[in-house]
Amino acid sequence: MKSGRIAAIGMAVLMVGSAAWAQVPKPTIPGIRPTIPPVVEVFVECPLRKVATAITTTIPAPWWTTGQTELPLRNVSVEIIAGKNTLTCQYPAAWVGDSTLSVMRLFPKGTTVCRPVPLKGFSCR
């Protein structure tokens with residue numbers, strides 16, 4: 001081959017007489033679809049089925065407090081907190097009506113979509 005001619009070699013194109021390589025896409029074959037890698041689902045379970053809550057602030061004498069009974073997971077949700085996708089596991093705050101306390105974490109590394117699985121955790125991919 002003369003210098004400057006192009007020769008196809010597998011997935012790359014080599015300019016003969018030059019050190020330049022360029023990647024080119026595979027040609028498509030009519031009727032055959034390219035293989036798409038499978039989507040991997042990751043299950044993220046809430047860390048606790050039940051939580052015990054308590055007042056941690058110092059209470060002056062003669063006052064005292066008792067611990068709360070263990071309260072079950074009430075809800076799971078996906079929130080945006082401080083601009084970041086966050087998984088939240090919510091537990092009842094026994095002393096404040098319908099209020100909840102949340103345990104939170106960011107999406108697992110490598111995932112972009114998470115959906116709540118009621119009273120269990122999250123399915124992410």
# chains A, B, ... in the order shown; residues from 1 in each chain; ligands from 1

$ residues_around --residues "A:Pro72" --least-positions-apart "3" --cutoff "12 Å" --atoms "only C-alpha atoms" --output "list in words"
Cys46, Pro47, Leu48, Arg49, Lys50, Val51, Ala52, Thr53, Gln68, Thr69, Asn75, Val76, Cys89, Gln90, Tyr91, Pro92, Ala93, Ala94, Thr100, Leu101, Leu119 and Lys120 of chain A

$ write_last_selection --atoms "N, CA and C atoms" --output "CSV table (one decimal), in the first residue's frame"
chain,number,residue,atom,x,y,z
A,46,CYS,N,-34.3,-0.8,54.3
A,46,CYS,CA,-34.2,0.2,55.4
A,46,CYS,C,-33.4,-0.5,56.5
A,47,PRO,N,-32.5,0.2,57.2
A,47,PRO,CA,-31.6,-0.4,58.1
A,47,PRO,C,-32.3,-1.0,59.4
A,48,LEU,N,-33.5,-0.5,59.7
A,48,LEU,CA,-34.2,-1.0,60.9
A,48,LEU,C,-35.6,-1.2,60.6
A,49,ARG,N,-36.2,-2.3,61.2
A,49,ARG,CA,-37.6,-2.6,61.1
A,49,ARG,C,-38.4,-1.7,62.1
A,50,LYS,N,-37.7,-1.5,63.3
A,50,LYS,CA,-38.3,-0.7,64.3
A,50,LYS,C,-37.3,0.1,65.0
A,51,VAL,N,-37.7,1.3,65.5
A,51,VAL,CA,-36.8,2.2,66.2
A,51,VAL,C,-37.3,2.5,67.6
A,52,ALA,N,-36.5,2.7,68.5
A,52,ALA,CA,-36.8,3.3,69.8
A,52,ALA,C,-36.4,4.7,69.9
A,53,THR,N,-37.3,5.6,70.3
A,53,THR,CA,-36.9,7.0,70.3
A,53,THR,C,-36.8,7.5,71.8
A,68,GLN,N,-39.2,5.4,74.7
A,68,GLN,CA,-40.4,5.1,73.9
A,68,GLN,C,-40.4,3.6,73.5
A,69,THR,N,-41.5,3.0,73.3
A,69,THR,CA,-41.5,1.6,72.8
A,69,THR,C,-41.0,1.6,71.4
A,75,ASN,N,-43.1,4.4,56.5
A,75,ASN,CA,-43.1,4.8,55.1
A,75,ASN,C,-41.7,4.9,54.6
A,76,VAL,N,-41.6,4.7,53.3
A,76,VAL,CA,-40.3,4.9,52.5
A,76,VAL,C,-40.6,5.8,51.4
A,89,CYS,N,-36.2,6.4,55.1
A,89,CYS,CA,-37.0,5.4,55.8
A,89,CYS,C,-37.7,6.2,57.0
A,90,GLN,N,-39.0,6.2,57.1
A,90,GLN,CA,-39.6,7.1,58.0
A,90,GLN,C,-40.3,6.3,59.1
A,91,TYR,N,-40.1,6.7,60.3
A,91,TYR,CA,-40.7,6.1,61.5
A,91,TYR,C,-41.5,7.1,62.3
A,92,PRO,N,-42.6,6.6,63.0
A,92,PRO,CA,-43.4,7.5,63.7
A,92,PRO,C,-42.7,8.2,64.9
A,93,ALA,N,-43.0,9.5,65.1
A,93,ALA,CA,-42.5,10.2,66.3
A,93,ALA,C,-43.6,10.1,67.3
A,94,ALA,N,-43.5,9.1,68.2
A,94,ALA,CA,-44.7,8.8,69.1
A,94,ALA,C,-45.3,9.9,69.8
A,100,THR,N,-43.0,12.3,61.7
A,100,THR,CA,-42.1,11.1,61.5
A,100,THR,C,-40.7,11.6,61.7
A,101,LEU,N,-39.8,10.6,62.0
A,101,LEU,CA,-38.4,10.7,62.1
A,101,LEU,C,-37.8,9.9,60.9
A,119,LEU,N,-42.9,-0.3,52.9
A,119,LEU,CA,-42.5,-0.9,54.2
A,119,LEU,C,-41.3,-1.9,54.2
A,120,LYS,N,-40.5,-1.7,53.2
A,120,LYS,CA,-39.3,-2.6,53.1
A,120,LYS,C,-38.0,-1.8,52.7

$ atom_distance --atom1 "atom CA of A:Val78" --atom2 "atom CA of A:Pro116"
6.8 Å

$ closest_residue --among "A:Arg33, A:Glu45, A:Thr66, A:Pro38" --to "A:Ser123" --atoms "only C-alpha atoms"
A:Glu45

$ residues_around --residues "stretch 81-84 of chain A" --least-positions-apart "5" --cutoff "12 Å" --atoms "only C-alpha atoms" --output "compact mmCIF listing (two decimals) with N, CA and C atoms, in the first residue's frame"
# COMPACT_ATOMS: atom_id res chain seq x y z
N MET A 104 -31.83 8.45 56.59
CA MET A 104 -31.61 8.77 55.18
C MET A 104 -30.26 8.30 54.67
N ARG A 105 -30.18 8.14 53.34
CA ARG A 105 -28.91 7.88 52.66
C ARG A 105 -29.05 8.30 51.20
N LEU A 106 -27.92 8.52 50.56
CA LEU A 106 -27.92 8.84 49.13
C LEU A 106 -28.16 7.57 48.32
N PHE A 107 -28.50 7.75 47.04
CA PHE A 107 -28.67 6.62 46.13
C PHE A 107 -27.37 5.80 46.14
N PRO A 108 -27.46 4.49 45.95
CA PRO A 108 -26.24 3.68 45.84
C PRO A 108 -25.41 4.13 44.65
N THR A 112 -29.21 5.55 39.22
CA THR A 112 -29.79 6.86 38.92
C THR A 112 -31.29 6.90 39.18

$ residues_around --residues "A:Phe43" --least-positions-apart "4" --cutoff "9 Å" --atoms "only C-alpha atoms" --output "list in words"
Gly121, Phe122, Ser123, Cys124 and Arg125 of chain A

$ decode --residues "stretch 84-100 of chain A" --atoms "C-alpha atoms" --output "compact mmCIF listing (two decimals), in the first residue's frame"
# COMPACT_ATOMS: atom_id res chain seq x y z
CA LYS A 84 -29.30 15.26 46.08
CA ASN A 85 -31.44 12.18 45.46
CA THR A 86 -32.04 10.68 48.90
CA LEU A 87 -33.68 7.48 50.15
CA THR A 88 -35.68 8.03 53.36
CA CYS A 89 -37.05 5.45 55.80
CA GLN A 90 -39.65 7.08 58.03
CA TYR A 91 -40.67 6.05 61.53
CA PRO A 92 -43.43 7.54 63.70
CA ALA A 93 -42.49 10.17 66.28
CA ALA A 94 -44.66 8.75 69.06
CA TRP A 95 -44.99 11.98 70.97
CA VAL A 96 -46.02 14.24 68.07
CA GLY A 97 -49.18 12.97 66.35
CA ASP A 98 -48.50 12.12 62.70
CA SER A 99 -44.91 13.41 62.67
CA THR A 100 -42.11 11.15 61.52
